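What follows is the content of structure-v5.csv (CSV, C-alpha atoms and all ligand atoms).
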chain,number,residue,atom,x,y,z
A,1,MET,CA,37.3,-32.9,19.3
A,2,GLU,CA,33.7,-33.9,18.6
A,3,GLN,CA,32.6,-30.7,20.3
A,4,LEU,CA,34.8,-28.6,18.0
A,5,ILE,CA,33.5,-30.3,14.8
A,6,VAL,CA,29.9,-29.9,15.9
A,7,SER,CA,30.5,-26.3,16.8
A,8,VAL,CA,32.1,-25.5,13.4
A,9,VAL,CA,29.2,-27.2,11.6
A,10,LEU,CA,26.6,-25.3,13.7
A,11,ALA,CA,28.4,-22.0,13.1
A,12,TRP,CA,28.3,-22.6,9.3
A,13,LEU,CA,24.7,-23.7,9.4
A,14,GLY,CA,23.9,-20.6,11.6
A,15,THR,CA,25.3,-18.2,8.9
A,16,MET,CA,23.2,-20.0,6.2
A,17,PHE,CA,20.0,-19.9,8.3
A,18,GLY,CA,20.7,-16.3,9.3
A,19,SER,CA,21.0,-15.4,5.7
A,20,PHE,CA,17.7,-17.2,5.0
A,21,ALA,CA,16.1,-15.4,7.9
A,22,GLY,CA,17.3,-12.0,6.6
A,23,ALA,CA,15.7,-12.7,3.2
A,24,GLN,CA,12.4,-13.7,4.9
A,25,VAL,CA,12.3,-10.4,6.8
A,26,TRP,CA,12.3,-8.4,3.5
A,27,ARG,CA,9.7,-10.8,2.0
A,28,LEU,CA,7.4,-10.5,5.0
A,29,ARG,CA,7.8,-6.7,4.8
A,30,ALA,CA,6.8,-6.7,1.1
A,31,LYS,CA,3.7,-8.8,1.9
A,32,GLN,CA,2.8,-6.5,4.7
A,33,LEU,CA,3.0,-3.4,2.5
A,34,VAL,CA,0.8,-5.0,-0.2
A,35,GLU,CA,-1.7,-6.0,2.4
A,36,ASP,CA,-1.7,-2.6,4.1
A,37,ARG,CA,-2.3,-0.9,0.8
A,38,ARG,CA,-5.2,-3.3,0.0
A,39,ASN,CA,-6.7,-2.3,3.4
A,40,GLY,CA,-6.6,1.3,2.4
A,41,GLU,CA,-3.7,2.2,4.7
A,42,SER,CA,-1.1,4.7,3.6
A,43,VAL,CA,2.0,3.0,2.5
A,44,ASN,CA,5.4,4.3,1.5
A,45,ALA,CA,5.1,4.0,-2.3
A,46,GLN,CA,8.9,4.0,-2.8
A,47,GLU,CA,9.4,1.3,-0.3
A,48,LEU,CA,6.6,-0.8,-1.9
A,49,LYS,CA,8.1,-0.4,-5.4
A,50,GLN,CA,11.5,-1.4,-4.1
A,51,LEU,CA,10.3,-4.6,-2.4
A,52,LYS,CA,7.5,-5.6,-4.7
A,53,GLY,CA,9.9,-7.8,-6.8
A,54,LEU,CA,10.3,-10.1,-3.8
A,55,LEU,CA,6.7,-11.3,-4.2
A,56,ARG,CA,7.2,-13.1,-7.5
A,57,PRO,CA,6.3,-16.7,-7.5
A,58,ALA,CA,8.8,-19.2,-6.2
A,59,ILE,CA,9.9,-20.6,-9.6
A,60,SER,CA,11.5,-17.3,-10.7
A,61,ASP,CA,12.7,-16.9,-7.1
A,62,ARG,CA,16.2,-15.5,-7.3
A,63,SER,CA,17.9,-13.2,-4.8
A,64,GLU,CA,18.4,-9.7,-6.1
A,65,CYS,CA,19.7,-6.3,-5.0
A,66,LEU,CA,16.9,-4.3,-3.4
A,67,HIS,CA,18.1,-1.2,-5.1
A,68,CYS,CA,19.2,-2.0,-8.7
A,69,HIS,CA,17.3,-5.4,-8.8
A,70,HIS,CA,20.4,-7.0,-10.4
A,71,ALA,CA,20.2,-10.8,-9.8
A,72,LEU,CA,22.8,-11.9,-7.3
A,73,ALA,CA,25.3,-14.7,-8.2
A,74,TRP,CA,26.2,-17.4,-5.7
A,75,TYR,CA,29.4,-15.5,-4.8
A,76,ASP,CA,27.4,-12.5,-3.7
A,77,LEU,CA,25.4,-14.7,-1.3
A,78,VAL,CA,28.1,-16.3,0.8
A,79,PRO,CA,27.1,-15.4,4.3
A,80,LEU,CA,29.4,-12.7,6.0
A,81,ALA,CA,32.2,-13.2,3.5
A,82,SER,CA,30.4,-11.5,0.6
A,83,TRP,CA,29.3,-8.6,2.8
A,84,ALA,CA,32.9,-8.2,4.2
A,85,ALA,CA,34.5,-8.5,0.7
A,86,LEU,CA,32.2,-5.8,-0.8
A,87,ARG,CA,32.3,-3.7,2.4
A,88,GLY,CA,28.5,-3.8,2.7
A,89,ARG,CA,27.8,-2.5,-0.8
A,90,CYS,CA,26.1,-4.0,-3.8
A,91,ARG,CA,28.6,-5.3,-6.4
A,92,TYR,CA,26.5,-3.9,-9.3
A,93,CYS,CA,25.2,-0.5,-8.1
A,94,SER,CA,27.4,0.0,-5.0
A,95,HIS,CA,24.4,1.0,-3.0
A,96,SER,CA,24.8,0.2,0.7
A,97,ILE,CA,23.2,-3.1,1.6
A,98,GLY,CA,22.8,-2.3,5.3
A,99,ARG,CA,23.9,-4.0,8.4
A,100,MET,CA,20.9,-6.2,9.1
A,101,GLU,CA,21.9,-9.2,6.9
A,102,PRO,CA,25.4,-9.7,8.2
A,103,LEU,CA,24.2,-9.1,11.8
A,104,MET,CA,21.6,-11.8,11.4
A,105,GLU,CA,24.1,-14.2,9.9
A,106,LEU,CA,26.5,-13.6,12.7
A,107,GLY,CA,23.8,-13.6,15.4
A,108,VAL,CA,22.2,-16.9,14.4
A,109,ALA,CA,25.6,-18.5,14.1
A,110,VAL,CA,26.5,-17.3,17.6
A,111,VAL,CA,23.2,-18.5,19.1
A,112,PHE,CA,23.5,-21.9,17.4
A,113,VAL,CA,27.0,-22.5,18.8
A,114,THR,CA,26.3,-21.1,22.3
A,115,SER,CA,23.1,-23.1,22.5
A,116,TYR,CA,25.0,-26.3,21.7
A,117,LEU,CA,27.8,-25.5,24.3
A,118,ALA,CA,25.4,-24.4,27.0
A,119,TRP,CA,22.4,-26.7,26.4
A,120,PRO,CA,21.0,-27.7,29.8
A,121,GLN,CA,20.2,-31.2,28.7
A,122,GLN,CA,22.5,-34.1,27.7
A,123,LEU,CA,22.4,-34.5,24.0
A,124,THR,CA,22.7,-38.3,23.9
A,125,SER,CA,19.3,-39.8,23.0
A,126,PRO,CA,17.6,-39.2,19.6
A,127,LEU,CA,14.7,-37.5,21.4
A,128,SER,CA,16.9,-35.0,23.2
A,129,ILE,CA,18.7,-34.2,19.9
A,130,ALA,CA,15.4,-33.8,18.1
A,131,ALA,CA,14.2,-31.4,20.9
A,132,PHE,CA,17.5,-29.4,20.4
A,133,ALA,CA,16.9,-29.3,16.6
A,134,MET,CA,13.5,-27.8,17.3
A,135,TRP,CA,15.2,-25.2,19.5
A,136,LEU,CA,17.5,-24.3,16.6
A,137,ILE,CA,14.5,-23.9,14.2
A,138,ALA,CA,12.9,-21.7,16.9
A,139,CYS,CA,16.1,-19.6,17.0
A,140,VAL,CA,15.8,-18.9,13.2
A,141,LEU,CA,12.1,-17.9,13.6
A,142,MET,CA,13.0,-15.7,16.6
A,143,ALA,CA,15.7,-14.0,14.5
A,144,ILE,CA,13.1,-13.1,11.9
A,145,LEU,CA,10.7,-11.8,14.7
A,146,PHE,CA,13.6,-9.9,16.4
A,147,ALA,CA,14.7,-8.1,13.2
A,148,TYR,CA,11.2,-7.3,12.0
A,149,ASP,CA,10.1,-6.0,15.4
A,150,ALA,CA,13.2,-3.9,15.8
A,151,LYS,CA,12.8,-2.4,12.4
A,152,TRP,CA,9.0,-1.9,12.1
A,153,PHE,CA,7.6,-2.5,15.6
A,154,LEU,CA,5.5,-5.4,14.6
A,155,LEU,CA,5.7,-9.2,15.1
A,156,PRO,CA,4.4,-10.9,11.9
A,157,PHE,CA,1.5,-13.1,12.9
A,158,ALA,CA,2.4,-16.0,10.6
A,159,ILE,CA,5.9,-16.3,12.1
A,160,ASN,CA,4.4,-16.0,15.6
A,161,ILE,CA,2.0,-18.9,14.9
A,162,LEU,CA,4.7,-21.0,13.3
A,163,LEU,CA,6.8,-20.5,16.5
A,164,ILE,CA,3.9,-21.8,18.6
A,165,VAL,CA,3.8,-24.9,16.5
A,166,VAL,CA,7.5,-25.5,16.8
A,167,GLY,CA,7.2,-24.7,20.6
A,168,VAL,CA,4.5,-27.4,21.0
A,169,VAL,CA,6.7,-30.0,19.2
A,170,PHE,CA,9.7,-28.9,21.2
A,171,PHE,CA,7.7,-29.2,24.5
A,172,ALA,CA,6.5,-32.7,23.6
A,173,LEU,CA,10.0,-34.0,22.6
A,174,PHE,CA,11.6,-32.3,25.6
A,175,ALA,CA,9.1,-34.0,28.0
A,176,LEU,CA,9.4,-37.4,26.3
A,177,SER,CA,13.2,-37.2,26.5
A,178,GLY,CA,13.0,-36.6,30.2
A,179,GLY,CA,14.1,-33.0,30.0
A,180,SER,CA,11.2,-31.7,32.1
A,181,ALA,CA,11.3,-34.6,34.5
A,182,GLY,CA,9.9,-33.4,37.9
A,183,VAL,CA,8.4,-30.3,36.3
A,184,PRO,CA,4.7,-30.4,37.0
A,185,LEU,CA,2.3,-29.2,34.2
A,186,TRP,CA,1.0,-26.4,36.3
A,187,SER,CA,4.5,-24.9,36.3
A,188,THR,CA,4.4,-24.6,32.4
A,189,LEU,CA,0.8,-23.2,32.6
A,190,LEU,CA,2.0,-20.7,35.1
A,191,ALA,CA,4.9,-19.8,32.7
A,192,LEU,CA,2.3,-19.2,30.0
A,193,GLY,CA,0.4,-17.0,32.4
A,194,ILE,CA,3.5,-15.0,33.4
A,195,ILE,CA,4.7,-14.1,29.9
A,196,ALA,CA,1.6,-14.3,27.7
A,197,GLY,CA,-0.7,-13.0,30.5
A,198,LEU,CA,1.5,-10.1,31.5
A,199,TYR,CA,2.0,-8.9,28.0
A,200,TYR,CA,-1.7,-9.3,27.3
A,201,LEU,CA,-2.3,-6.9,30.2
A,202,PHE,CA,0.3,-4.6,28.7
A,203,SER,CA,-1.5,-4.7,25.4
A,204,LEU,CA,-4.8,-3.8,27.0
A,205,MET,CA,-3.1,-0.8,28.5
A,206,GLY,CA,-1.8,0.1,25.1
A,207,TRP,CA,1.9,-0.3,26.1
A,208,SER,CA,2.6,-3.2,23.7
A,209,GLY,CA,1.0,-4.9,20.8
A,210,LEU,CA,-1.1,-8.2,20.9
A,211,GLY,CA,1.9,-9.8,19.0
A,212,ASP,CA,4.0,-9.7,22.2
A,213,SER,CA,1.4,-11.6,24.1
A,214,ILE,CA,1.2,-14.2,21.3
A,215,LEU,CA,5.0,-14.4,21.3
A,216,GLY,CA,4.8,-15.1,25.0
A,217,ILE,CA,2.8,-18.3,24.4
A,218,SER,CA,5.6,-19.9,22.4
A,219,LEU,CA,8.4,-18.6,24.6
A,220,ALA,CA,6.7,-20.2,27.6
A,221,LEU,CA,6.8,-23.6,25.9
A,222,PHE,CA,10.6,-23.3,25.5
A,223,LEU,CA,11.1,-22.1,29.0
A,224,VAL,CA,9.0,-25.0,30.5
A,225,GLU,CA,9.2,-23.8,34.1
A,226,TRP,CA,7.6,-20.8,35.7
A,227,GLN,CA,10.8,-19.7,37.4
A,228,LEU,CA,12.5,-19.5,34.0
A,229,ALA,CA,9.6,-17.6,32.5
A,230,PHE,CA,9.8,-15.1,35.4
A,231,LEU,CA,13.5,-14.7,34.9
A,232,ALA,CA,13.0,-14.2,31.1
A,233,VAL,CA,10.6,-11.3,31.7
A,234,PHE,CA,12.9,-9.9,34.3
A,235,LEU,CA,15.9,-10.0,32.0
A,236,ALA,CA,13.8,-8.6,29.1
A,237,ASN,CA,12.9,-5.5,31.3
A,238,LEU,CA,16.5,-5.2,32.5
A,239,LEU,CA,17.9,-5.2,29.0
A,240,GLY,CA,15.2,-2.7,28.0
A,241,CYS,CA,16.2,-0.4,30.8
A,242,ILE,CA,19.9,-0.7,29.9
A,243,LEU,CA,19.0,0.5,26.4
A,244,ILE,CA,16.7,3.2,27.5
A,245,ILE,CA,19.1,4.9,30.0
A,246,PRO,CA,21.7,6.0,27.4
A,247,LEU,CA,18.8,7.3,25.2
A,248,ALA,CA,17.4,9.2,28.1
A,249,LEU,CA,20.8,10.7,28.9
A,250,GLN,CA,21.2,11.8,25.3
A,251,GLY,CA,17.8,13.5,25.6
A,252,LYS,CA,16.4,11.3,22.8
A,253,LEU,CA,13.6,10.0,25.0
A,254,HIS,CA,10.4,11.6,24.1
A,255,ARG,CA,6.8,10.5,24.8
A,256,LYS,CA,6.2,9.0,21.3
A,257,LEU,CA,9.3,6.9,21.3
A,258,HIS,CA,8.4,3.3,20.3
A,259,ILE,CA,10.1,0.5,22.2
A,260,PRO,CA,9.6,-2.9,20.7
A,261,PHE,CA,9.2,-5.5,23.4
A,262,GLY,CA,9.8,-8.5,21.1
A,263,PRO,CA,13.6,-8.3,20.8
A,264,PHE,CA,14.1,-8.0,24.6
A,265,LEU,CA,11.7,-10.8,25.3
A,266,ILE,CA,13.5,-13.0,22.8
A,267,LEU,CA,17.0,-12.2,24.3
A,268,GLY,CA,15.7,-12.7,27.8
A,269,THR,CA,14.2,-16.1,26.8
A,270,ILE,CA,17.4,-17.3,25.1
A,271,ILE,CA,19.5,-16.4,28.2
A,272,ALA,CA,16.9,-18.0,30.6
A,273,VAL,CA,16.7,-21.2,28.5
A,274,LEU,CA,20.5,-21.6,28.3
A,275,TRP,CA,21.7,-20.3,31.7
A,276,GLY,CA,18.5,-19.8,33.7
A,277,ASP,CA,19.1,-22.6,36.2
A,278,ASN,CA,22.6,-21.4,37.0
A,279,ILE,CA,21.4,-17.7,37.3
A,280,ILE,CA,18.7,-18.7,39.7
A,281,LEU,CA,21.1,-20.9,41.7
A,282,PHE,CA,23.6,-18.1,41.9
A,283,GLY,CA,20.9,-15.6,42.9
A,284,MET,CA,19.7,-17.9,45.7
A,285,GLN,CA,23.2,-18.4,47.0
A,286,ALA,CA,23.9,-14.7,46.9
A,287,SER,CA,20.7,-13.9,48.8
A,288,ASP,CA,21.6,-16.6,51.3
A,289,VAL,CA,25.0,-15.0,51.9
A,290,LEU,CA,23.3,-11.5,52.2
A,291,ILE,CA,20.7,-12.7,54.7
A,292,THR,CA,23.4,-14.4,56.8
A,293,GLN,CA,25.5,-11.2,56.7
A,294,LEU,CA,22.5,-9.1,57.8
A,295,MET,CA,21.6,-11.5,60.6
A,296,LEU,CA,25.1,-11.4,62.1
B,1,ZN,ZN,22.5,-3.1,-6.5
Just give me the structure of the file as structure tokens.
Ligand SMILES: [Zn+2]
Amino acid sequence: MEQLIVSVVLAWLGTMFGSFAGAQVWRLRAKQLVEDRRNGESVNAQELKQLKGLLRPAISDRSECLHCHHALAWYDLVPLASWAALRGRCRYCSHSIGRMEPLMELGVAVVFVTSYLAWPQQLTSPLSIAAFAMWLIACVLMAILFAYDAKWFLLPFAINILLIVVGVVFFALFALSGGSAGVPLWSTLLALGIIAGLYYLFSLMGWSGLGDSILGISLALFLVEWQLAFLAVFLANLLGCILIIPLALQGKLHRKLHIPFGPFLILGTIIAVLWGDNIILFGMQASDVLITQLML
């Protein structure tokens, strides 16, 4: 019963934070465009005009439609429900709102609830609950990075740094609550080397951006062990391949196709944090069976 109540509350919180994350994505994009223009880079003028309103000071900060700039009422801002009721269109100008917002609201809610149900540590002491709360905050930040990178192939630096700060606090709380009992510090350092180091090498070769490497620093702090970091990178590449194969079969794969690494790394990390120990155990048992079969 308690589990059900907590799940419902987390699902509700998830849609609210998902909605918040969606708003931050557009705000970050507006900031980026203004900065790019100041640096003399060519910027889509129409996009800048559309998003510029988001940069007003916080006092007059009200949510508005990105197309007609009509201020949105509270009933336009109910996560998922408003989008569903208006079939994804603005109430005032009936311009399509896009699928990013409802997907983020749903996505964060799903990650919140599954994190709670699959969390590898017992949530009994205040320290372990605090560490879990840090993970939830990290999920909101990862949702922002995920959406931004998927849309514009860039991981905003400020969010990346914020995620490292949350990662350090999480790591400290997790260690103090006994979550990483028996995990030597070199294992975490190796985890850092595996993700951040590997993607740094990728960035030197021009395959990925430096942002992916910076993202790897925080992800390693949540993964704690090198085995889980290795699994996260493996899963990220596996998921990437699963996406690329249908594109290749449709002939949409050309040399200039950009593939953002961030979303795959984030998905791989979430899976590895929640189910990594079980996946590794299963893999070892499966290979044991295979080896015994081959020996016979
Ligand atoms: Zn509108």
- Message: Please find the residues contacting ligand ZN 1 (chain B) at a distance of at most 10 Å between atoms, with only C-alpha atoms and all ligand atoms counted, and report them as JSON, numbers by chain.
- Response: {"A": [64, 65, 66, 67, 68, 69, 70, 71, 72, 89, 90, 91, 92, 93, 94, 95, 96, 97]}
Mind running region 32-124 of chain A against region 275-291 of chain A at 9 Å and telling me each contacting residue's nearest atom pair with the distance in Å (one decimal), counting only C-alpha atoms, chain and number ascending, as a tab-separated table?
residue	atom	partner	partner_atom	distance
A:Ala118	CA	A:Trp275	CA	7.3
A:Trp119	CA	A:Trp275	CA	8.3
A:Pro120	CA	A:Trp275	CA	7.7
- Message: To one decimal place in Å, what is the distance between CA of Ala172 (chain A) and CA of Leu185 (chain A)?
- Response: 11.9 Å
How close does region 61-108 of chain A get to region 134-146 of chain A? List, as JSON lines, each residue of region 61-108 of chain A within 9 Å, its nearest atom pair and the distance in Å to one decimal, counting all atoms listed in the file.
{"residue": "A:Met104", "atom": "CA", "partner": "A:Ala143", "partner_atom": "CA", "distance": 7.0}
{"residue": "A:Gly107", "atom": "CA", "partner": "A:Ala143", "partner_atom": "CA", "distance": 8.2}
{"residue": "A:Val108", "atom": "CA", "partner": "A:Val140", "partner_atom": "CA", "distance": 6.8}
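The closest residue to Leu221 (chain A), picked from A:Ala191, A:Val111, A:Leu249, A:Ala158 and counting only C-alpha atoms, is A:Ala191.
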- Query: Using all atoms listed in the file, which of A:Ser218, A:Ser203, A:Asn160, A:Ser7 sits nearest Thr188 (chain A)?
  - Reply: A:Ser218
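Going from CA of Ile164 (chain A) over to CA of Leu223 (chain A), you cover 12.7 Å.
Here CA of Gly211 (chain A) and CA of Ala229 (chain A) stand 17.4 Å from one another.
With all atoms listed in the file as the basis for measurement, A:Val273 is the residue among A:Met16, A:Leu86, A:Ala73, A:Val273 that approaches Phe132 (chain A) most closely.
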- Query: Any idea what's packed within 9 Å of Pro126 (chain A), counting only C-alpha atoms, ignoring anything in its chain fewer than 4 positions away? Could you give it as a PyMOL selection string?
  - Reply: chain A and resi 130-131+177
- In the coordinates of the file, take the point (9.0, -15.3, 35.0) and a cut-off of 12 Å; then, counting all atoms listed in the file, name each qualifying protein, DNA or RNA residue as a PyMOL selection string. chain A and resi 187-199+216+219-220+223-237+265+268-269+272-273+276+280
Residues just named, written with C-alpha atoms as a CSV table (one decimal), keeping the file's coordinate frame:
chain,number,residue,atom,x,y,z
A,187,SER,CA,4.5,-24.9,36.3
A,188,THR,CA,4.4,-24.6,32.4
A,189,LEU,CA,0.8,-23.2,32.6
A,190,LEU,CA,2.0,-20.7,35.1
A,191,ALA,CA,4.9,-19.8,32.7
A,192,LEU,CA,2.3,-19.2,30.0
A,193,GLY,CA,0.4,-17.0,32.4
A,194,ILE,CA,3.5,-15.0,33.4
A,195,ILE,CA,4.7,-14.1,29.9
A,196,ALA,CA,1.6,-14.3,27.7
A,197,GLY,CA,-0.7,-13.0,30.5
A,198,LEU,CA,1.5,-10.1,31.5
A,199,TYR,CA,2.0,-8.9,28.0
A,216,GLY,CA,4.8,-15.1,25.0
A,219,LEU,CA,8.4,-18.6,24.6
A,220,ALA,CA,6.7,-20.2,27.6
A,223,LEU,CA,11.1,-22.1,29.0
A,224,VAL,CA,9.0,-25.0,30.5
A,225,GLU,CA,9.2,-23.8,34.1
A,226,TRP,CA,7.6,-20.8,35.7
A,227,GLN,CA,10.8,-19.7,37.4
A,228,LEU,CA,12.5,-19.5,34.0
A,229,ALA,CA,9.6,-17.6,32.5
A,230,PHE,CA,9.8,-15.1,35.4
A,231,LEU,CA,13.5,-14.7,34.9
A,232,ALA,CA,13.0,-14.2,31.1
A,233,VAL,CA,10.6,-11.3,31.7
A,234,PHE,CA,12.9,-9.9,34.3
A,235,LEU,CA,15.9,-10.0,32.0
A,236,ALA,CA,13.8,-8.6,29.1
A,237,ASN,CA,12.9,-5.5,31.3
A,265,LEU,CA,11.7,-10.8,25.3
A,268,GLY,CA,15.7,-12.7,27.8
A,269,THR,CA,14.2,-16.1,26.8
A,272,ALA,CA,16.9,-18.0,30.6
A,273,VAL,CA,16.7,-21.2,28.5
A,276,GLY,CA,18.5,-19.8,33.7
A,280,ILE,CA,18.7,-18.7,39.7
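Residue nearest Arg27 (chain A), chosen from A:Ser208, A:Gln50, A:Ser180, A:Asn39 and counting all atoms listed in the file: A:Gln50.
For the residues A:Leu4, A:Phe171, A:Leu215, A:Gly240, ranking by smallest atom-to-atom distance to Leu127 (chain A) using all atoms listed in the file places A:Phe171 first.
Proximity to Phe222 (chain A) was assessed for A:Gln293, A:Gly53, A:Leu117, A:Val168 counting only C-alpha atoms; the smallest distance is recorded for A:Val168.
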